[in-house]
$ cat target-v2.json   # JSON, C-alpha atoms and all ligand atoms
[["chain", "number", "residue", "atom", "x", "y", "z"],
["A", 21, "MET", "CA", 109.39, 26.15, 65.88],
["A", 22, "GLU", "CA", 106.87, 24.47, 68.17],
["A", 23, "GLY", "CA", 104.71, 26.92, 70.06],
["A", 24, "GLU", "CA", 105.46, 29.82, 67.74],
["A", 25, "VAL", "CA", 102.69, 31.81, 66.11],
["A", 26, "ALA", "CA", 103.03, 32.06, 62.32],
["A", 27, "CYS", "CA", 101.37, 34.46, 59.90],
["A", 28, "VAL", "CA", 101.87, 36.03, 56.49],
["A", 29, "ALA", "CA", 101.08, 39.74, 56.16],
["A", 30, "GLY", "CA", 101.71, 41.78, 53.00],
["A", 31, "SER", "CA", 103.59, 38.71, 51.63],
["A", 32, "ILE", "CA", 105.96, 38.77, 54.64],
["A", 33, "PRO", "CA", 106.05, 35.57, 56.74],
["A", 34, "ILE", "CA", 106.42, 36.31, 60.46],
["A", 35, "PHE", "CA", 107.00, 33.79, 63.26],
["A", 36, "GLY", "CA", 107.22, 34.37, 66.99],
["A", 37, "ARG", "CA", 105.58, 34.67, 70.32],
["A", 38, "SER", "CA", 104.11, 37.61, 72.17],
["A", 39, "ARG", "CA", 102.20, 38.06, 75.40],
["A", 40, "ALA", "CA", 102.54, 41.15, 77.58],
["A", 41, "GLY", "CA", 104.85, 40.62, 80.55],
["A", 42, "GLN", "CA", 105.85, 37.11, 79.40],
["A", 43, "GLU", "CA", 107.82, 37.15, 76.18],
["A", 44, "SER", "CA", 107.84, 38.98, 72.84],
["A", 45, "TYR", "CA", 109.86, 38.27, 69.71],
["A", 46, "TYR", "CA", 109.14, 38.18, 65.97],
["A", 47, "ARG", "CA", 111.30, 36.31, 63.51],
["A", 48, "ILE", "CA", 111.19, 37.59, 59.92],
["A", 49, "PRO", "CA", 113.29, 35.22, 57.75],
["A", 50, "SER", "CA", 112.93, 37.23, 54.52],
["A", 51, "PHE", "CA", 114.56, 40.21, 56.32],
["A", 52, "ARG", "CA", 117.16, 37.97, 58.09],
["A", 53, "SER", "CA", 116.00, 39.83, 61.20],
["A", 54, "ALA", "CA", 114.18, 39.58, 64.49],
["A", 55, "LEU", "CA", 112.21, 42.28, 66.28],
["A", 56, "GLU", "CA", 112.77, 41.88, 70.04],
["A", 57, "ILE", "CA", 114.61, 38.87, 71.39],
["A", 58, "GLY", "CA", 112.37, 37.64, 74.22],
["A", 59, "ARG", "CA", 114.31, 35.04, 76.21],
["A", 60, "CYS", "CA", 116.20, 34.09, 73.01],
["A", 61, "PRO", "CA", 114.63, 30.79, 71.94],
["A", 62, "ASP", "CA", 116.75, 28.44, 69.77],
["A", 63, "SER", "CA", 115.01, 29.74, 66.64],
["A", 64, "LEU", "CA", 116.59, 33.20, 67.13],
["A", 65, "VAL", "CA", 120.23, 32.19, 67.64],
["A", 66, "SER", "CA", 121.01, 32.04, 63.91],
["A", 67, "VAL", "CA", 119.26, 35.34, 63.06],
["A", 68, "PRO", "CA", 122.01, 37.86, 62.12],
["A", 69, "PHE", "CA", 120.09, 41.13, 62.82],
["A", 70, "VAL", "CA", 118.12, 41.77, 66.02],
["A", 71, "PHE", "CA", 116.23, 45.01, 66.72],
["A", 72, "ILE", "CA", 115.16, 45.62, 70.32],
["A", 73, "THR", "CA", 112.74, 48.47, 71.06],
["A", 74, "HIS", "CA", 113.24, 48.76, 74.85],
["A", 75, "ALA", "CA", 114.76, 47.03, 77.85],
["A", 76, "HIS", "CA", 111.72, 45.43, 79.50],
["A", 77, "LEU", "CA", 112.79, 41.87, 80.20],
["A", 78, "ASP", "CA", 109.97, 40.23, 78.24],
["A", 79, "HIS", "CA", 111.49, 41.92, 75.15],
["A", 80, "ALA", "CA", 115.22, 41.99, 75.92],
["A", 81, "ALA", "CA", 116.17, 39.30, 78.46],
["A", 82, "GLY", "CA", 117.79, 37.02, 75.87],
["A", 83, "VAL", "CA", 120.65, 39.22, 74.65],
["A", 84, "ALA", "CA", 123.37, 37.45, 76.70],
["A", 85, "THR", "CA", 121.98, 34.04, 75.70],
["A", 86, "TYR", "CA", 122.09, 35.12, 72.03],
["A", 87, "ALA", "CA", 125.73, 36.26, 72.39],
["A", 88, "SER", "CA", 126.71, 33.10, 74.27],
["A", 89, "GLN", "CA", 124.94, 30.69, 71.90],
["A", 90, "ARG", "CA", 126.46, 32.30, 68.80],
["A", 91, "THR", "CA", 129.89, 31.92, 70.41],
["A", 92, "LEU", "CA", 129.22, 28.29, 71.32],
["A", 93, "HIS", "CA", 128.15, 27.48, 67.75],
["A", 94, "GLU", "CA", 131.11, 29.41, 66.26],
["A", 95, "MET", "CA", 128.88, 31.79, 64.31],
["A", 96, "ALA", "CA", 129.80, 35.22, 62.98],
["A", 97, "PRO", "CA", 129.02, 38.09, 65.37],
["A", 98, "GLY", "CA", 125.28, 38.86, 65.51],
["A", 99, "ARG", "CA", 124.21, 42.49, 65.28],
["A", 100, "VAL", "CA", 121.90, 43.77, 68.02],
["A", 101, "PHE", "CA", 120.42, 47.27, 67.67],
["A", 102, "LEU", "CA", 118.74, 48.98, 70.62],
["A", 103, "PRO", "CA", 118.00, 52.49, 71.96],
["A", 104, "ALA", "CA", 121.21, 54.48, 72.43],
["A", 105, "GLU", "CA", 120.24, 55.38, 76.06],
["A", 106, "ILE", "CA", 120.30, 51.73, 77.16],
["A", 107, "ARG", "CA", 123.16, 50.43, 75.01],
["A", 108, "ASP", "CA", 125.93, 50.68, 77.63],
["A", 109, "SER", "CA", 123.81, 49.26, 80.47],
["A", 110, "LEU", "CA", 122.80, 46.22, 78.44],
["A", 111, "ALA", "CA", 126.36, 45.81, 77.14],
["A", 112, "ASN", "CA", 127.51, 45.71, 80.80],
["A", 113, "VAL", "CA", 125.00, 42.94, 81.57],
["A", 114, "VAL", "CA", 126.29, 40.94, 78.58],
["A", 115, "GLU", "CA", 129.91, 41.62, 79.61],
["A", 116, "LEU", "CA", 129.24, 40.25, 83.13],
["A", 117, "HIS", "CA", 127.88, 37.05, 81.61],
["A", 118, "ARG", "CA", 130.97, 36.79, 79.39],
["A", 119, "GLN", "CA", 133.21, 37.06, 82.45],
["A", 120, "LEU", "CA", 131.11, 34.52, 84.40],
["A", 121, "GLU", "CA", 131.32, 32.09, 81.46],
["A", 122, "LYS", "CA", 135.10, 32.72, 81.11],
["A", 123, "VAL", "CA", 134.77, 33.23, 77.37],
["A", 124, "ASP", "CA", 137.34, 35.40, 75.53],
["A", 125, "ALA", "CA", 134.89, 37.21, 73.28],
["A", 126, "TYR", "CA", 131.17, 36.95, 72.65],
["A", 127, "GLN", "CA", 129.95, 36.79, 69.07],
["A", 128, "ALA", "CA", 127.50, 39.71, 69.28],
["A", 129, "VAL", "CA", 127.87, 43.44, 68.70],
["A", 130, "LEU", "CA", 125.48, 45.82, 70.46],
["A", 131, "THR", "CA", 124.83, 49.13, 68.71],
["A", 132, "GLY", "CA", 122.81, 52.04, 70.09],
["A", 133, "VAL", "CA", 120.44, 53.77, 67.68],
["A", 134, "GLU", "CA", 118.76, 57.18, 67.74],
["A", 135, "PRO", "CA", 115.51, 58.07, 65.95],
["A", 136, "GLY", "CA", 116.35, 58.71, 62.29],
["A", 137, "ASP", "CA", 119.29, 56.27, 62.16],
["A", 138, "SER", "CA", 119.32, 53.78, 59.27],
["A", 139, "ILE", "CA", 120.82, 50.30, 59.20],
["A", 140, "ARG", "CA", 121.36, 48.55, 55.88],
["A", 141, "ILE", "CA", 120.50, 44.85, 55.86],
["A", 142, "ARG", "CA", 121.13, 44.18, 52.18],
["A", 143, "GLY", "CA", 121.44, 46.25, 49.01],
["A", 144, "ASP", "CA", 117.78, 47.21, 48.69],
["A", 145, "LEU", "CA", 116.58, 46.75, 52.29],
["A", 146, "PHE", "CA", 117.22, 48.87, 55.35],
["A", 147, "VAL", "CA", 115.76, 49.62, 58.77],
["A", 148, "ARG", "CA", 115.08, 53.11, 60.08],
["A", 149, "ALA", "CA", 114.57, 53.88, 63.78],
["A", 150, "PHE", "CA", 111.87, 56.26, 64.99],
["A", 151, "ARG", "CA", 110.94, 57.61, 68.42],
["A", 152, "GLY", "CA", 108.75, 55.30, 70.47],
["A", 153, "CYS", "CA", 106.19, 56.17, 73.18],
["A", 154, "HIS", "CA", 106.61, 53.93, 76.22],
["A", 155, "ARG", "CA", 107.53, 54.51, 79.86],
["A", 156, "VAL", "CA", 111.22, 53.57, 79.33],
["A", 157, "PRO", "CA", 113.54, 54.69, 76.47],
["A", 158, "THR", "CA", 112.06, 53.18, 73.32],
["A", 159, "VAL", "CA", 112.67, 53.28, 69.58],
["A", 160, "GLY", "CA", 110.46, 51.81, 66.89],
["A", 161, "PHE", "CA", 111.76, 50.29, 63.65],
["A", 162, "THR", "CA", 110.57, 50.38, 60.04],
["A", 163, "PHE", "CA", 111.84, 48.02, 57.33],
["A", 164, "LEU", "CA", 112.09, 49.87, 54.04],
["A", 165, "GLU", "CA", 112.85, 48.78, 50.50],
["A", 166, "SER", "CA", 114.77, 51.30, 48.40],
["A", 167, "LYS", "CA", 114.76, 50.90, 44.64],
["A", 168, "ARG", "CA", 115.83, 53.09, 41.75],
["A", 169, "LYS", "CA", 112.72, 53.70, 39.67],
["A", 170, "LEU", "CA", 111.94, 55.69, 36.58],
["A", 171, "LYS", "CA", 110.65, 59.15, 37.57],
["A", 172, "ALA", "CA", 106.87, 59.48, 37.11],
["A", 173, "GLU", "CA", 107.17, 62.08, 34.33],
["A", 174, "PHE", "CA", 109.19, 59.65, 32.15],
["A", 175, "ARG", "CA", 107.12, 56.48, 32.62],
["A", 176, "ASN", "CA", 105.16, 56.81, 29.37],
["A", 177, "LEU", "CA", 108.21, 57.28, 27.15],
["A", 178, "ALA", "CA", 109.55, 54.66, 24.72],
["A", 179, "SER", "CA", 112.97, 53.17, 25.40],
["A", 180, "ALA", "CA", 114.57, 55.12, 22.49],
["A", 181, "GLU", "CA", 113.33, 58.41, 24.00],
["A", 182, "LEU", "CA", 114.64, 57.40, 27.43],
["A", 183, "ALA", "CA", 118.01, 56.54, 25.90],
["A", 184, "ALA", "CA", 118.12, 59.97, 24.25],
["A", 185, "LEU", "CA", 117.36, 61.69, 27.56],
["A", 186, "ARG", "CA", 120.09, 59.68, 29.24],
["A", 187, "ARG", "CA", 122.59, 60.68, 26.52],
["A", 188, "ARG", "CA", 121.76, 64.30, 27.19],
["A", 189, "GLY", "CA", 122.62, 63.72, 30.87],
["A", 190, "THR", "CA", 119.04, 63.90, 32.21],
["A", 191, "GLU", "CA", 118.54, 62.02, 35.51],
["A", 192, "ILE", "CA", 115.54, 59.84, 34.58],
["A", 193, "ALA", "CA", 115.47, 57.63, 37.71],
["A", 194, "ALA", "CA", 115.17, 58.37, 41.42],
["A", 195, "VAL", "CA", 115.41, 56.26, 44.56],
["A", 196, "GLU", "CA", 111.96, 55.37, 45.91],
["A", 197, "GLU", "CA", 111.44, 54.07, 49.42],
["A", 198, "THR", "CA", 108.61, 51.70, 50.33],
["A", 199, "ALA", "CA", 107.85, 51.06, 54.00],
["A", 200, "LEU", "CA", 107.28, 47.31, 54.16],
["A", 201, "LEU", "CA", 106.75, 46.85, 57.89],
["A", 202, "ALA", "CA", 106.59, 49.27, 60.83],
["A", 203, "TYR", "CA", 106.79, 48.30, 64.50],
["A", 204, "PRO", "CA", 106.72, 50.85, 67.35],
["A", 205, "GLY", "CA", 107.20, 48.29, 70.18],
["A", 206, "ASP", "CA", 105.23, 48.79, 73.39],
["A", 207, "SER", "CA", 103.38, 52.05, 73.02],
["A", 208, "THR", "CA", 100.73, 54.52, 74.09],
["A", 209, "ALA", "CA", 98.30, 56.05, 71.59],
["A", 210, "GLU", "CA", 100.60, 59.08, 71.40],
["A", 211, "ILE", "CA", 102.54, 57.15, 68.75],
["A", 212, "PHE", "CA", 99.88, 58.00, 66.13],
["A", 213, "GLU", "CA", 100.83, 61.69, 66.48],
["A", 214, "VAL", "CA", 104.59, 61.12, 66.96],
["A", 215, "ALA", "CA", 105.08, 58.70, 64.05],
["A", 216, "PRO", "CA", 102.01, 58.95, 61.77],
["A", 217, "GLU", "CA", 104.02, 57.35, 58.92],
["A", 218, "ILE", "CA", 103.46, 53.94, 60.56],
["A", 219, "LEU", "CA", 99.83, 54.20, 59.37],
["A", 220, "ARG", "CA", 101.08, 54.06, 55.77],
["A", 221, "ALA", "CA", 103.52, 51.12, 56.00],
["A", 222, "ARG", "CA", 102.46, 48.05, 54.04],
["A", 223, "VAL", "CA", 102.26, 46.08, 57.31],
["A", 224, "LEU", "CA", 101.88, 47.56, 60.78],
["A", 225, "LEU", "CA", 102.80, 45.33, 63.72],
["A", 226, "LEU", "CA", 101.08, 46.95, 66.68],
["A", 227, "GLU", "CA", 100.73, 46.09, 70.32],
["A", 228, "CYS", "CA", 97.18, 45.84, 71.66],
["A", 229, "THR", "CA", 97.70, 44.86, 75.27],
["A", 230, "PHE", "CA", 94.20, 45.61, 76.58],
["A", 231, "LEU", "CA", 90.81, 44.61, 75.16],
["A", 232, "ARG", "CA", 87.97, 44.63, 77.68],
["A", 233, "PRO", "CA", 86.02, 47.89, 78.09],
["A", 234, "GLU", "CA", 86.73, 47.86, 81.86],
["A", 235, "ASP", "CA", 90.50, 47.70, 81.16],
["A", 236, "GLU", "CA", 90.55, 50.99, 79.26],
["A", 237, "GLY", "CA", 92.04, 52.89, 82.25],
["A", 238, "ARG", "CA", 94.93, 50.43, 82.45],
["A", 239, "ALA", "CA", 96.29, 51.30, 79.00],
["A", 240, "PRO", "CA", 97.67, 54.79, 79.84],
["A", 241, "ARG", "CA", 98.64, 53.67, 83.37],
["A", 242, "TYR", "CA", 100.92, 50.92, 82.02],
["A", 243, "SER", "CA", 101.84, 52.83, 78.88],
["A", 244, "HIS", "CA", 100.13, 50.45, 76.47],
["A", 245, "LEU", "CA", 97.38, 50.47, 73.83],
["A", 246, "HIS", "CA", 93.75, 49.47, 74.25],
["A", 247, "LEU", "CA", 91.73, 48.05, 71.34],
["A", 248, "ASN", "CA", 89.27, 50.97, 71.61],
["A", 249, "GLU", "CA", 92.05, 53.46, 70.80],
["A", 250, "ILE", "CA", 92.72, 51.50, 67.59],
["A", 251, "ALA", "CA", 89.03, 51.09, 66.70],
["A", 252, "ARG", "CA", 88.46, 54.83, 67.19],
["A", 253, "ARG", "CA", 91.13, 55.59, 64.58],
["A", 254, "ALA", "CA", 90.09, 52.81, 62.17],
["A", 255, "SER", "CA", 89.83, 55.14, 59.17],
["A", 256, "ASP", "CA", 93.45, 56.37, 59.69],
["A", 257, "PHE", "CA", 95.02, 52.96, 59.00],
["A", 258, "GLN", "CA", 96.09, 52.81, 55.36],
["A", 259, "ASN", "CA", 98.08, 49.61, 55.90],
["A", 260, "GLU", "CA", 97.52, 46.56, 53.71],
["A", 261, "ALA", "CA", 97.63, 44.48, 56.91],
["A", 262, "LEU", "CA", 97.48, 45.29, 60.62],
["A", 263, "ILE", "CA", 98.88, 42.69, 63.01],
["A", 264, "LEU", "CA", 97.70, 43.09, 66.59],
["A", 265, "THR", "CA", 99.93, 41.54, 69.22],
["A", 266, "HIS", "CA", 101.28, 41.64, 72.82],
["A", 267, "PHE", "CA", 97.87, 40.83, 74.34],
["A", 268, "SER", "CA", 97.63, 40.67, 78.11],
["A", 269, "ALA", "CA", 97.91, 37.11, 79.43],
["A", 270, "ARG", "CA", 94.56, 37.63, 81.18],
["A", 271, "TYR", "CA", 92.73, 37.09, 77.85],
["A", 272, "SER", "CA", 92.19, 33.68, 76.24],
["A", 273, "ARG", "CA", 92.71, 33.23, 72.50],
["A", 274, "GLU", "CA", 88.92, 32.91, 72.12],
["A", 275, "GLU", "CA", 88.26, 36.17, 73.95],
["A", 276, "ILE", "CA", 90.89, 38.00, 71.85],
["A", 277, "LEU", "CA", 89.34, 36.84, 68.57],
["A", 278, "LEU", "CA", 85.84, 37.66, 69.81],
["A", 279, "ARG", "CA", 86.80, 41.18, 70.94],
["A", 280, "LEU", "CA", 88.47, 41.95, 67.59],
["A", 281, "GLN", "CA", 85.43, 40.61, 65.78],
["A", 282, "GLU", "CA", 83.01, 42.72, 67.82],
["A", 283, "ASP", "CA", 84.94, 45.94, 68.44],
["A", 284, "LEU", "CA", 86.76, 46.66, 65.17],
["A", 285, "PRO", "CA", 84.78, 48.14, 62.26],
["A", 286, "SER", "CA", 84.71, 45.69, 59.33],
["A", 287, "SER", "CA", 86.80, 48.06, 57.15],
["A", 288, "LEU", "CA", 89.76, 47.45, 59.47],
["A", 289, "ARG", "CA", 88.83, 44.01, 60.82],
["A", 290, "ASP", "CA", 89.10, 42.49, 57.33],
["A", 291, "ARG", "CA", 92.80, 43.54, 57.22],
["A", 292, "THR", "CA", 93.62, 42.63, 60.80],
["A", 293, "ILE", "CA", 95.54, 39.56, 61.96],
["A", 294, "ALA", "CA", 95.61, 38.57, 65.64],
["A", 295, "PHE", "CA", 99.12, 37.35, 66.52],
["A", 296, "VAL", "CA", 98.01, 34.77, 69.05],
["A", 301, "ZN", "ZN", 105.99, 44.39, 76.58],
["A", 302, "ZN", "ZN", 107.39, 47.35, 77.80]]
$ encode --input "target-v2.json" --output "C-alpha cells"
Amino acid sequence: MEGEVACVAGSIPIFGRSRAGQESYYRIPSFRSALEIGRCPDSLVSVPFVFITHAHLDHAAGVATYASQRTLHEMAPGRVFLPAEIRDSLANVVELHRQLEKVDAYQAVLTGVEPGDSIRIRGDLFVRAFRGCHRVPTVGFTFLESKRKLKAEFRNLASAELAALRRRGTEIAAVEETALLAYPGDSTAEIFEVAPEILRARVLLLECTFLRPEDEGRAPRYSHLHLNEIARRASDFQNEALILTHFSARYSREEILLRLQEDLPSSLRDRTIAFV
C-alpha cells in the first residue's frame, strides 16, 4: 500500500507504518497476521488475525473500523487478541460503535490474552503472549513455528535403524519450537530482563523511540527505549535481524539512519533494519 514501509527480515516480509504517537501497525502476510492495528488502514481489513499489545490510540484506535469494515464487506469474523485487562473496555467501545451504526453484529471477535497464552494460526505456526513493560497493561507476542523433528541422538542413524526403533515403540521424534519473530510493543529496557528470550528470536521487532543523546532522560519518563540502551547491550542480541521502529516524529529519516550508523556497533548495525 502507498506510504507503507516494507522490509524483509529473516525471510519474513513485513509491511506497515510506525511513528511514536501517530500510528503503528505491521502487516505480516506470511503469518496472515497484523501486529497492532493503528487507525486500521484499508490494507489491514482483510487480515484475519490482529495482535494488539496495548490500548494507546496510535496502536489500537482502529479496532471498531476493522470490525465495521469486515461487516460491510461480508467477511468472516476477524480475530483480535489484546491484553486481558483491557479486553472488556475495548469491547465496550466497539459495541457503542455497533449501536451507533445500527448493525446487528460486527464481524470481529475480541479475545483477552495473558502472558503464556498461545494462539494457533495454522498447523505449524502459533503466537505466544509474554509480559510487556510499558506504562499501561501490555503484552508482547512471539510467532513460533512448531515442527516434529528427529531427536538429536537419532540423527545419524540409517532409515532401517530408525524403522527398527519405531517398531520397538521408541519415540524418535520430538516437537521443536523456533521463535521466528518477537515483538514486545512499546517498552522500557526492563523487557530485556523480563523476557530475555526475545534476544534469541530469529527476528526481533523493537521500538526505539528516542535517539539523540539529550533525549536519553525522556525514555524512562515516557516508558520507551532509547538507542543507547540497545547499543549498550549490543552483544546480547543473538537475532538474525533486528528491526528498529516507532521512532519519535521529531526525527527525520536522515537523522534516524545517521544515528543508527554512528551509535550502533558494527556487529549489531550490520543486522539492523530501520523501519522508516
Ligand atoms: Zn506507541
Ligand atoms: Zn504506548
$ closest_residue --input "target-v2.json" --among "A:Pro204, A:Gly82, A:Pro135, A:Pro68" --to "ligand ZN 302 (chain A)" --atoms "only C-alpha atoms and all ligand atoms"
A:Pro204
$ axis_aligned_box --input "target-v2.json" --around "range 94-112 of chain A" --padding-each-side "8 Å" --output "AutoDock Vina command-line options"
--center_x 124.6 --center_y 42.4 --center_z 71.9 --size_x 29.1 --size_y 42.0 --size_z 33.8
$ residues_around --input "target-v2.json" --residues "Ser166 in chain A" --least-positions-apart "4" --cutoff "9 Å" --atoms "only C-alpha atoms" --output "short mmCIF file (atom, residue, chain, number, x, y, z; two decimals) with C-alpha atoms, keeping the file's coordinate frame"
data_model
loop_
_atom_site.label_atom_id
_atom_site.label_comp_id
_atom_site.auth_asym_id
_atom_site.auth_seq_id
_atom_site.Cartn_x
_atom_site.Cartn_y
_atom_site.Cartn_z
CA GLY A 143 121.44 46.25 49.01
CA ASP A 144 117.78 47.21 48.69
CA LEU A 145 116.58 46.75 52.29
CA PHE A 146 117.22 48.87 55.35
CA VAL A 195 115.41 56.26 44.56
CA GLU A 196 111.96 55.37 45.91
CA GLU A 197 111.44 54.07 49.42
CA THR A 198 108.61 51.70 50.33
CA ALA A 199 107.85 51.06 54.00
#
$ residues_near_ligand --input "target-v2.json" --ligand "ligand ZN 302 (chain A)" --cutoff "9 Å" --atoms "all atoms listed in the file" --output "PyMOL selection string"
chain A and resi 40-41+73-79+154-156+158+205-207+242-244
$ write_last_selection --input "target-v2.json" --atoms "C-alpha atoms" --output "mmCIF file, in the frame of the given file"
data_model
loop_
_atom_site.group_PDB
_atom_site.id
_atom_site.type_symbol
_atom_site.label_atom_id
_atom_site.label_comp_id
_atom_site.auth_asym_id
_atom_site.auth_seq_id
_atom_site.Cartn_x
_atom_site.Cartn_y
_atom_site.Cartn_z
ATOM 1 C CA ALA A 40 102.540 41.150 77.580
ATOM 2 C CA GLY A 41 104.850 40.620 80.550
ATOM 3 C CA THR A 73 112.740 48.470 71.060
ATOM 4 C CA HIS A 74 113.240 48.760 74.850
ATOM 5 C CA ALA A 75 114.760 47.030 77.850
ATOM 6 C CA HIS A 76 111.720 45.430 79.500
ATOM 7 C CA LEU A 77 112.790 41.870 80.200
ATOM 8 C CA ASP A 78 109.970 40.230 78.240
ATOM 9 C CA HIS A 79 111.490 41.920 75.150
ATOM 10 C CA HIS A 154 106.610 53.930 76.220
ATOM 11 C CA ARG A 155 107.530 54.510 79.860
ATOM 12 C CA VAL A 156 111.220 53.570 79.330
ATOM 13 C CA THR A 158 112.060 53.180 73.320
ATOM 14 C CA GLY A 205 107.200 48.290 70.180
ATOM 15 C CA ASP A 206 105.230 48.790 73.390
ATOM 16 C CA SER A 207 103.380 52.050 73.020
ATOM 17 C CA TYR A 242 100.920 50.920 82.020
ATOM 18 C CA SER A 243 101.840 52.830 78.880
ATOM 19 C CA HIS A 244 100.130 50.450 76.470
#
$ closest_residue --input "target-v2.json" --among "A:Gln127, A:Ser109, A:Ser50, A:Ser287" --to "Ser88 in chain A" --atoms "all atoms listed in the file"
A:Gln127
$ closest_residue --input "target-v2.json" --among "A:Ala209, A:Leu102, A:Met21, A:Leu288" --to "Ile34 in chain A" --atoms "all atoms listed in the file"
A:Met21
$ residues_around --input "target-v2.json" --residues "Glu274 in chain A" --least-positions-apart "4" --cutoff "10 Å" --atoms "only C-alpha atoms" --output "number ranges by chain"
A: 278-279, 296
$ residues_near_point --input "target-v2.json" --point "(104.7, 40.4, 71.4)" --cutoff "7 Å" --atoms "only C-alpha atoms" --output "list in words"
Arg37, Ser38, Arg39, Ala40, Glu43, Ser44, Tyr45, Thr265 and His266 of chain A
$ residues_around --input "target-v2.json" --residues "range 219-232 of chain A" --least-positions-apart "2" --cutoff "8 Å" --atoms "only C-alpha atoms" --output "number ranges by chain"
A: 29-30, 40, 198-207, 212, 216-217, 234-236, 238-239, 244-248, 256-268, 276, 279
$ closest_residue --input "target-v2.json" --among "A:Ala294, A:Pro49, A:Asp62, A:Ile72" --to "ligand ZN 301 (chain A)" --atoms "all atoms listed in the file"
A:Ile72
$ residues_near_point --input "target-v2.json" --point "(124.0, 40.7, 76.7)" --cutoff "12 Å" --atoms "all atoms listed in the file" --output "VMD selection string"
chain A and resid 57 59 to 60 72 75 77 80 to 90 98 to 102 106 to 119 125 to 131
$ closest_residue --input "target-v2.json" --among "A:Phe35, A:Glu213, A:Arg148, A:Gly58" --to "ligand ZN 301 (chain A)" --atoms "only C-alpha atoms and all ligand atoms"
A:Gly58
$ closest_residue --input "target-v2.json" --among "A:Cys27, A:Glu22, A:Asp290, A:Gln42" --to "ligand ZN 301 (chain A)" --atoms "all atoms listed in the file"
A:Gln42
$ atom_distance --input "target-v2.json" --atom1 "CA of Ala269 in chain A" --atom2 "CA of Thr292 in chain A"
19.9 Å
$ atom_distance --input "target-v2.json" --atom1 "CA of Ser53 in chain A" --atom2 "CA of Leu164 in chain A"
12.9 Å
